[in-house]
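Content type mmCIF, C-alpha atoms, from the file final24.cif:
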data_work
loop_
_atom_site.label_atom_id
_atom_site.label_comp_id
_atom_site.auth_asym_id
_atom_site.auth_seq_id
_atom_site.Cartn_x
_atom_site.Cartn_y
_atom_site.Cartn_z
CA MET D 1 147.64 96.47 109.84
CA LYS D 2 144.52 94.83 108.44
CA PHE D 3 143.45 91.35 109.36
CA LYS D 4 142.85 88.75 106.71
CA PHE D 5 139.73 87.25 108.14
CA SER D 6 139.00 83.61 107.58
CA SER D 7 136.35 82.26 105.24
CA THR D 8 134.34 81.51 108.38
CA TRP D 9 134.23 85.23 109.21
CA ARG D 10 133.22 86.18 105.68
CA GLY D 11 130.52 83.55 105.76
CA VAL D 12 129.17 84.95 109.01
CA LEU D 13 128.94 88.42 107.48
CA PHE D 14 126.93 86.99 104.60
CA ALA D 15 124.74 84.98 106.96
CA ALA D 16 124.00 88.10 108.99
CA SER D 17 121.99 89.43 106.05
CA LEU D 18 119.72 86.39 105.96
CA LEU D 19 116.75 86.90 108.25
CA GLY D 20 115.46 84.05 110.37
CA SER D 21 118.09 81.62 109.07
CA ALA D 22 119.24 80.12 112.37
CA SER D 23 118.55 76.44 112.92
CA ALA D 24 117.75 74.72 116.21
CA ALA D 25 121.33 73.47 116.28
CA GLU D 26 122.76 77.00 116.39
CA LEU D 27 123.30 79.51 119.14
CA LEU D 28 123.25 82.95 117.51
CA ILE D 29 125.44 85.60 119.15
CA GLY D 30 125.21 89.14 117.79
CA GLN D 31 128.10 91.55 117.51
CA VAL D 32 127.98 95.15 116.28
CA ALA D 33 131.48 96.49 115.70
CA PRO D 34 133.14 99.45 113.93
CA LEU D 35 134.56 97.51 110.99
CA THR D 36 134.84 100.75 109.00
CA GLY D 37 135.47 104.32 110.08
CA SER D 38 137.91 105.94 112.47
CA ILE D 39 138.49 102.89 114.70
CA ALA D 40 138.09 100.14 112.09
CA SER D 41 141.25 98.33 113.18
CA THR D 42 139.86 98.11 116.71
CA GLY D 43 136.55 96.70 115.47
CA GLN D 44 138.27 94.10 113.31
CA ARG D 45 140.33 92.93 116.27
CA MET D 46 137.23 92.77 118.47
CA VAL D 47 135.48 90.49 115.99
CA GLN D 48 138.50 88.27 115.57
CA GLY D 49 139.02 87.84 119.32
CA ALA D 50 135.52 86.47 119.86
CA GLN D 51 135.71 84.45 116.66
CA LEU D 52 138.87 82.65 117.81
CA TRP D 53 137.13 81.22 120.85
CA PHE D 54 133.76 80.49 119.26
CA ASP D 55 135.41 78.62 116.37
CA HIS D 56 137.43 76.60 118.87
CA VAL D 57 134.28 75.67 120.82
CA ASN D 58 132.57 74.62 117.59
CA GLU D 59 135.52 72.43 116.66
CA LEU D 60 135.06 70.65 119.99
CA GLY D 61 131.37 70.01 119.33
CA GLY D 62 129.72 73.26 120.41
CA ILE D 63 127.62 73.79 123.54
CA HIS D 64 125.23 70.95 124.39
CA GLY D 65 125.64 69.88 120.76
CA ALA D 66 124.74 73.30 119.31
CA ARG D 67 127.18 75.36 117.29
CA ILE D 68 127.79 79.03 118.05
CA ARG D 69 127.27 81.40 115.14
CA GLN D 70 128.54 84.96 115.28
CA VAL D 71 126.18 87.35 113.48
CA ILE D 72 128.21 90.48 112.74
CA ARG D 73 127.09 93.95 111.73
CA ASP D 74 129.17 97.07 111.05
CA ASP D 75 128.23 100.41 112.66
CA GLY D 76 131.22 102.48 111.52
CA TYR D 77 131.41 103.86 115.10
CA GLN D 78 128.23 105.84 114.33
CA VAL D 79 125.73 106.05 117.20
CA ASP D 80 122.54 105.85 115.13
CA LYS D 81 123.97 102.96 113.13
CA THR D 82 124.74 101.08 116.34
CA VAL D 83 121.09 101.37 117.36
CA GLU D 84 119.81 100.40 113.92
CA GLU D 85 122.03 97.34 113.59
CA THR D 86 121.35 96.20 117.16
CA GLN D 87 117.61 96.39 116.59
CA LYS D 88 118.04 94.17 113.53
CA LEU D 89 120.05 91.63 115.52
CA VAL D 90 117.48 91.54 118.31
CA ALA D 91 114.27 91.57 116.26
CA ASP D 92 115.19 90.10 112.88
CA ASP D 93 118.11 87.75 113.51
CA GLN D 94 116.73 86.75 116.93
CA VAL D 95 120.19 86.45 118.48
CA LEU D 96 120.45 84.92 121.94
CA ALA D 97 122.95 87.43 123.37
CA LEU D 98 125.22 90.28 122.30
CA ILE D 99 129.00 90.58 122.65
CA GLY D 100 131.57 93.33 122.18
CA PHE D 101 130.30 96.66 120.83
CA ALA D 102 132.43 99.82 121.03
CA GLY D 103 131.76 103.36 122.16
CA THR D 104 130.35 104.77 125.38
CA ALA D 105 128.00 107.07 123.46
CA ASN D 106 126.91 104.24 121.17
CA ILE D 107 125.93 101.90 123.96
CA ALA D 108 124.47 104.71 126.07
CA GLU D 109 122.07 105.40 123.20
CA LEU D 110 120.98 101.74 123.27
CA LEU D 111 120.13 102.22 126.93
CA LYS D 112 118.36 105.53 126.31
CA ARG D 113 116.17 103.94 123.65
CA ARG D 114 115.68 100.83 125.84
CA VAL D 115 116.78 98.52 123.01
CA LEU D 116 118.36 95.98 125.38
CA GLU D 117 115.64 96.23 128.01
CA GLU D 118 112.74 95.83 125.60
CA GLY D 119 114.51 93.00 123.80
CA GLY D 120 115.22 91.24 127.10
CA ILE D 121 118.74 90.68 125.87
CA THR D 122 122.18 90.84 127.48
CA LEU D 123 125.36 92.53 126.25
CA ILE D 124 128.62 90.98 127.49
CA ALA D 125 132.14 92.47 127.30
CA PRO D 126 131.51 95.92 125.78
CA TYR D 127 134.78 97.56 124.74
CA THR D 128 134.33 100.62 126.92
CA GLY D 129 134.85 101.64 130.53
CA GLY D 130 132.36 104.51 130.45
CA ALA D 131 130.76 105.35 133.79
CA PRO D 132 127.28 106.06 132.30
CA LEU D 133 127.06 102.37 131.37
CA ARG D 134 127.85 101.26 134.94
CA THR D 135 126.19 103.87 137.14
CA PRO D 136 123.36 103.62 137.81
CA TYR D 137 123.32 99.83 137.87
CA ASN D 138 122.04 98.34 134.62
CA PRO D 139 121.21 94.61 134.59
CA SER D 140 121.52 94.26 130.79
CA ILE D 141 125.29 94.85 130.51
CA PHE D 142 127.98 92.57 131.96
CA HIS D 143 131.41 94.25 132.06
CA ILE D 144 134.62 92.21 132.13
CA ARG D 145 136.93 95.27 132.15
CA ALA D 146 137.62 97.93 134.74
CA GLY D 147 135.98 101.32 134.23
CA TYR D 148 137.68 104.48 132.98
CA ALA D 149 137.51 105.86 136.52
CA ASP D 150 139.60 102.87 137.68
CA GLU D 151 142.10 103.47 134.89
CA ALA D 152 142.29 107.19 135.61
CA GLU D 153 142.89 106.56 139.30
CA HIS D 154 145.73 104.19 138.45
CA LEU D 155 147.34 106.61 135.98
CA VAL D 156 147.06 109.63 138.29
CA LYS D 157 148.39 107.64 141.22
CA GLN D 158 151.43 106.52 139.22
CA LEU D 159 152.14 109.99 137.84
CA THR D 160 151.82 111.80 141.18
CA THR D 161 153.92 109.15 142.92
CA LEU D 162 156.66 109.93 140.40
CA GLY D 163 156.35 113.66 141.10
CA TYR D 164 154.23 114.79 138.15
CA ASP D 165 151.69 117.34 139.40
CA ARG D 166 151.23 119.61 136.36
CA ILE D 167 148.88 117.27 134.51
CA GLY D 168 147.00 118.11 131.31
CA VAL D 169 144.15 116.09 129.82
CA LEU D 170 143.37 115.47 126.14
CA TYR D 171 139.89 114.03 125.68
CA GLN D 172 137.48 113.13 122.92
CA ASP D 173 134.53 115.49 123.11
CA ASP D 174 131.77 112.91 123.58
CA ALA D 175 130.42 110.58 126.26
CA PHE D 176 133.53 108.39 126.07
CA GLY D 177 136.00 111.24 126.47
CA LYS D 178 134.01 113.05 129.12
CA SER D 179 133.67 109.86 131.15
CA GLY D 180 137.45 109.46 131.11
CA LEU D 181 137.93 113.16 131.88
CA ASP D 182 135.59 112.87 134.86
CA GLY D 183 137.68 109.96 136.11
CA VAL D 184 140.87 112.02 135.88
CA LEU D 185 139.23 114.97 137.64
CA MET D 186 138.08 112.72 140.50
CA ALA D 187 141.51 111.13 140.84
CA LEU D 188 143.20 114.55 140.90
CA ALA D 189 140.68 115.99 143.38
CA LYS D 190 141.36 113.04 145.66
CA ARG D 191 144.92 114.39 145.84
CA LYS D 192 143.81 118.03 146.12
CA LEU D 193 144.96 118.75 142.57
CA GLN D 194 143.32 120.18 139.45
CA PRO D 195 144.23 119.61 135.81
CA LEU D 196 146.55 122.22 134.37
CA LEU D 197 144.47 122.12 131.18
CA ALA D 198 141.71 119.97 129.68
CA ALA D 199 141.57 120.15 125.87
CA GLY D 200 138.98 118.35 123.74
CA TYR D 201 138.89 117.27 120.11
CA PRO D 202 135.83 116.33 117.95
CA ARG D 203 134.62 112.73 117.84
CA ASN D 204 135.40 110.74 114.67
CA THR D 205 138.22 113.10 113.68
CA ALA D 206 141.94 113.51 114.22
CA GLU D 207 141.62 117.31 114.45
CA VAL D 208 143.89 117.78 117.44
CA GLN D 209 146.06 120.75 116.44
CA PRO D 210 144.20 123.24 118.69
CA ALA D 211 144.78 120.88 121.60
CA VAL D 212 148.45 120.52 120.66
CA ASP D 213 148.89 124.30 120.61
CA ALA D 214 147.12 124.68 123.96
CA MET D 215 149.31 122.04 125.61
CA LEU D 216 152.48 123.63 124.24
CA ARG D 217 151.45 126.94 125.79
CA ALA D 218 150.48 125.41 129.16
CA GLN D 219 153.60 123.21 129.39
CA PRO D 220 152.28 120.36 131.55
CA SER D 221 154.72 117.81 132.91
CA ALA D 222 152.38 114.94 131.95
CA ILE D 223 149.36 114.55 129.67
CA ILE D 224 146.67 111.91 130.16
CA MET D 225 144.94 111.19 126.85
CA VAL D 226 141.41 109.85 126.67
CA ALA D 227 141.64 109.21 122.95
CA VAL D 228 141.33 106.48 120.33
CA ASN D 229 144.06 105.41 117.91
CA LYS D 230 144.06 108.04 115.14
CA PRO D 231 143.68 111.21 117.24
CA ALA D 232 146.02 109.85 119.93
CA ALA D 233 148.67 109.20 117.28
CA ALA D 234 148.06 112.55 115.59
CA PHE D 235 148.42 114.37 118.89
CA ALA D 236 151.62 112.55 119.89
CA LYS D 237 153.19 113.13 116.47
CA ALA D 238 152.37 116.85 116.30
CA TYR D 239 153.15 117.50 119.96
CA ARG D 240 156.58 115.83 119.82
CA ALA D 241 157.40 117.45 116.47
CA ALA D 242 156.75 120.86 118.06
CA GLY D 243 159.11 120.09 120.94
CA GLY D 244 156.55 119.00 123.56
CA GLY D 245 158.28 117.05 126.29
CA ALA D 246 155.52 115.95 128.68
CA GLN D 247 155.12 112.34 129.72
CA LEU D 248 152.24 110.98 127.61
CA MET D 249 149.73 108.45 128.96
CA ASN D 250 146.59 107.01 127.37
CA ILE D 251 143.76 104.85 128.64
CA SER D 252 143.36 101.28 127.42
CA VAL D 253 141.38 101.79 124.19
CA VAL D 254 144.45 102.40 122.00
CA ASP D 255 146.54 99.77 120.27
CA PRO D 256 150.32 100.31 120.54
CA ALA D 257 151.02 98.80 117.11
CA GLU D 258 148.58 101.27 115.53
CA LEU D 259 150.13 104.19 117.42
CA VAL D 260 153.60 103.25 116.18
CA LYS D 261 152.31 102.78 112.64
CA LEU D 262 150.44 106.09 112.57
CA ALA D 263 152.78 108.35 114.54
CA GLY D 264 156.21 106.74 114.25
CA ILE D 265 158.22 105.29 117.10
CA GLU D 266 159.95 108.56 117.95
CA ALA D 267 156.61 110.18 118.80
CA VAL D 268 155.22 107.38 120.97
CA ARG D 269 158.30 105.79 122.54
CA GLY D 270 157.81 105.87 126.31
CA LEU D 271 154.06 106.49 126.06
CA GLY D 272 152.26 104.77 128.91
CA ILE D 273 148.99 102.89 128.40
CA SER D 274 146.73 101.63 131.17
CA GLN D 275 145.52 98.07 130.58
CA VAL D 276 142.45 96.26 131.88
CA MET D 277 143.46 92.75 130.82
CA PRO D 278 146.49 90.63 131.68
CA TYR D 279 149.55 90.99 129.43
CA PRO D 280 148.67 88.96 126.29
CA TYR D 281 152.13 88.58 124.76
CA ASN D 282 153.73 86.01 127.06
CA PRO D 283 152.03 82.70 127.99
CA THR D 284 152.43 83.21 131.74
CA LEU D 285 148.72 82.58 132.42
CA PRO D 286 146.71 79.58 131.14
CA VAL D 287 144.20 81.82 129.33
CA VAL D 288 147.01 83.70 127.57
CA LYS D 289 148.68 80.45 126.57
CA GLU D 290 145.36 79.24 125.14
CA TYR D 291 144.80 82.53 123.31
CA LEU D 292 148.29 82.61 121.76
CA ALA D 293 148.00 79.00 120.59
CA LEU D 294 144.64 79.59 118.90
CA LEU D 295 145.81 82.89 117.39
CA LYS D 296 148.85 81.16 115.91
CA GLN D 297 146.69 78.35 114.57
CA HIS D 298 143.74 80.34 113.21
CA GLY D 299 144.73 84.03 113.22
CA ASN D 300 145.97 84.23 109.62
CA GLY D 301 149.22 85.80 110.77
CA ALA D 302 147.65 88.39 113.09
CA GLU D 303 149.80 89.58 115.97
CA PRO D 304 148.60 89.35 119.59
CA SER D 305 146.86 92.43 120.96
CA TYR D 306 144.98 93.49 124.06
CA THR D 307 141.86 94.06 121.94
CA THR D 308 141.63 90.56 120.48
CA PHE D 309 142.52 89.10 123.85
CA GLU D 310 139.80 91.07 125.66
CA GLU D 311 137.04 89.83 123.36
CA PHE D 312 138.55 86.33 123.48
CA VAL D 313 138.07 86.46 127.27
CA GLY D 314 134.57 87.86 126.79
CA ALA D 315 133.70 84.98 124.47
CA LYS D 316 134.98 82.49 127.04
CA VAL D 317 132.81 84.04 129.73
CA LEU D 318 129.74 84.02 127.49
CA THR D 319 130.38 80.42 126.48
CA GLU D 320 130.40 79.35 130.12
CA ALA D 321 127.07 81.13 130.59
CA LEU D 322 125.66 79.33 127.54
CA ARG D 323 126.78 76.03 129.04
CA ARG D 324 125.13 76.85 132.37
CA ALA D 325 121.94 77.99 130.60
CA GLY D 326 121.34 74.40 129.50
CA PRO D 327 120.41 72.69 126.21
CA ASN D 328 117.42 75.02 125.55
CA PRO D 329 118.79 78.47 126.40
CA SER D 330 116.77 81.67 126.29
CA ARG D 331 117.85 85.28 126.62
CA SER D 332 116.75 85.36 130.26
CA LYS D 333 118.51 82.08 131.03
CA VAL D 334 121.76 83.45 129.61
CA SER D 335 121.48 86.56 131.79
CA THR D 336 120.79 84.46 134.88
CA ALA D 337 123.74 82.21 134.04
CA LEU D 338 126.07 85.19 133.66
CA ALA D 339 124.98 86.53 137.05
CA SER D 340 125.85 83.13 138.55
CA LEU D 341 129.53 83.52 137.61
CA ARG D 342 131.04 84.26 141.00
CA ASN D 343 134.85 84.45 141.06
CA TYR D 344 134.88 82.56 137.78
CA ASP D 345 138.44 81.66 136.75
CA VAL D 346 138.91 82.15 133.00
CA GLY D 347 142.44 80.80 133.27
CA GLY D 348 144.40 82.95 135.69
CA PHE D 349 142.03 85.90 135.31
CA GLN D 350 138.89 86.09 137.45
CA VAL D 351 135.50 87.52 136.57
CA ASP D 352 133.07 88.08 139.43
CA PHE D 353 129.43 88.90 138.77
CA GLY D 354 126.38 88.54 141.01
CA GLU D 355 122.68 89.22 141.45
CA ARG D 356 123.31 93.00 141.64
CA ASN D 357 126.84 93.15 140.28
CA ARG D 358 127.74 93.62 136.62
CA GLN D 359 131.29 94.88 137.20
CA GLY D 360 133.25 91.67 136.63
CA SER D 361 136.78 93.04 137.08
CA ARG D 362 138.70 96.07 138.34
CA PHE D 363 142.11 94.88 137.15
CA VAL D 364 144.38 97.71 135.93
CA GLU D 365 148.10 97.93 135.22
CA VAL D 366 150.29 100.28 133.17
CA THR D 367 152.42 99.32 130.19
CA VAL D 368 154.91 101.40 128.17
CA ILE D 369 155.79 101.45 124.45
CA GLY D 370 159.46 100.51 124.27
CA ALA D 371 162.19 101.66 121.90
CA ASP D 372 161.44 98.85 119.45
CA GLY D 373 157.70 99.50 119.49
CA ARG D 374 156.90 96.59 121.74
CA LEU D 375 154.73 97.00 124.78
CA LEU D 376 156.61 96.57 128.05
CA ARG D 377 155.26 95.97 131.53
#
Now that the file is in, can you turn its structure into structure tokens?
Amino acid sequence: MKFKFSSTWRGVLFAASLLGSASAAELLIGQVAPLTGSIASTGQRMVQGAQLWFDHVNELGGIHGARIRQVIRDDGYQVDKTVEETQKLVADDQVLALIGFAGTANIAELLKRRVLEEGGITLIAPYTGGAPLRTPYNPSIFHIRAGYADEAEHLVKQLTTLGYDRIGVLYQDDAFGKSGLDGVLMALAKRKLQPLLAAGYPRNTAEVQPAVDAMLRAQPSAIIMVAVNKPAAAFAKAYRAAGGGAQLMNISVVDPAELVKLAGIEAVRGLGISQVMPYPYNPTLPVVKEYLALLKQHGNGAEPSYTTFEEFVGAKVLTEALRRAGPNPSRSKVSTALASLRNYDVGGFQVDFGERNRQGSRFVEVTVIGADGRLLR
């Protein structure tokens, strides 16, 4: 499904092209997201999640009287474009902080080229659990989600507890996929196991048929997929159509509604997905209740999703840092304020940073796509 973004969102996109246009009464927050390309639906949800909270804060008067303005740029999930657009946000738009971003390889390139370091700017809530962004310690990135290694450990533990020991791995052949693959390998080695088969597919494609054929030959009892929406759906559809019967699992970067839409419910029913945020469909936690109310009020009919909820939480965390940074915030003040968030309660979900800690959460649980396409805990 495609979101019908509000006039506010369209206005922000236009404003992003105007250099040096921020007033003293604005706090500019930059976001590069894949609004086109192979994971466009993910990027659109990322933008909307942060927008929901920022718009709400502005309606209440902003932070110390200053409104938050989201300056949004599209990278199409292309690494070089991520670097180019980030440099524009940092140097031309003079944003105060960055939020969101997708892709382990994309953000790793920012680190390699020292874009964040030289800009003295912080990135909060990147939509990736890639190990290269966490180890070694990097002070410029504040993570609110568990890493792929945490997710892999949880998935392998659940599968082996249930008796699955012939485990195959489908992975995207890039930094993202290899980071997830490494996590699976470590989790299996911990149990003195090895993967039955590890099959890759090219980044920014859904060319998974060679991997499907390899899995059919190897006949694993379970397959852990480190894949994004389109290739994950393509794999599930082709694998099931060819008679593949393994238990399918995927890490958190896929959206169940997209998988059902792209592959059909028969292909993805029973597919397990690890999650790094609390269940966003029932208002059992205060932050979920708040999110659902604002989504209903301002979401233009959009359904709840883990992706919008994750960036909603990220926006809440950043807003608290902006408040703590005071009425005249700087990039360094925002970073210091984020590091001061110790056991910060977002509303039933805690984020814990520190002077040398940028890993705010290690929360992981597994959900399953039910017979009606809904995600079940």
Listing only residues of range 99-187 of chain D within 9 Å of range 352-366 of chain D, what is the closest atom pair and its distance in Å (to one decimal) for each, using all atoms listed in the file, sorted by chain and residue number ascending, as a Markdown table?
| residue | atom | partner | partner_atom | distance |
| --- | --- | --- | --- | --- |
| D:Arg134 | CA | D:Gln359 | CA | 7.6 |
| D:Tyr137 | CA | D:Arg358 | CA | 7.7 |
| D:Asn138 | CA | D:Arg358 | CA | 7.7 |
| D:Pro139 | CA | D:Arg358 | CA | 6.9 |
| D:Ser140 | CA | D:Arg358 | CA | 8.5 |
| D:Ile141 | CA | D:Arg358 | CA | 6.7 |
| D:Phe142 | CA | D:Arg358 | CA | 4.8 |
| D:His143 | CA | D:Gln359 | CA | 5.2 |
| D:Ile144 | CA | D:Gly360 | CA | 4.7 |
| D:Arg145 | CA | D:Ser361 | CA | 5.4 |
| D:Ala146 | CA | D:Arg362 | CA | 4.2 |
| D:Gly147 | CA | D:Arg362 | CA | 7.2 |
| D:Asp150 | CA | D:Arg362 | CA | 6.9 |
| D:Glu151 | CA | D:Val364 | CA | 6.3 |
| D:His154 | CA | D:Val364 | CA | 7.1 |
| D:Leu155 | CA | D:Val366 | CA | 7.5 |
| D:Gln158 | CA | D:Val366 | CA | 8.8 |
Practice prompt. Starting from the displayed file, determine the output of the PyMOL selection byres ((chain D and resi 53) around 12) and express the residue list as a VMD selection string.
Written response: chain D and resid 46 to 52 54 to 60 62 68 to 70 287 290 to 295 297 to 299 308 to 320
Response to the item:
The residue from D:Val169, D:Ile223, D:Ile39, D:Val212 with the smallest atom-to-atom distance to Glu258 in chain D, counting only C-alpha atoms, is D:Ile39
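Here, the PyMOL selection byres ((chain D and resi 43) around 10) matches D:Val32, D:Ala33, D:Pro34, D:Leu35, D:Thr36, D:Gly37, D:Ser38, D:Ile39, D:Ala40, D:Ser41, D:Thr42, D:Gln44, D:Arg45, D:Met46, D:Val47, D:Gln48, D:Gly49, D:Asp74, D:Asp75, D:Gly76, D:Tyr77, D:Gly100, D:Phe101, D:Ala102, D:Tyr127, D:Thr307, D:Thr308.
Near Leu193 in chain D, within 12 Å and counting all atoms listed in the file, sit Val156, Lys157, Thr160, Tyr164, Asp165, Arg166, Ile167, Gly168, Val184, Leu185, Met186 and Ala187 of chain D; same-chain residues fewer than 6 positions away were not included.
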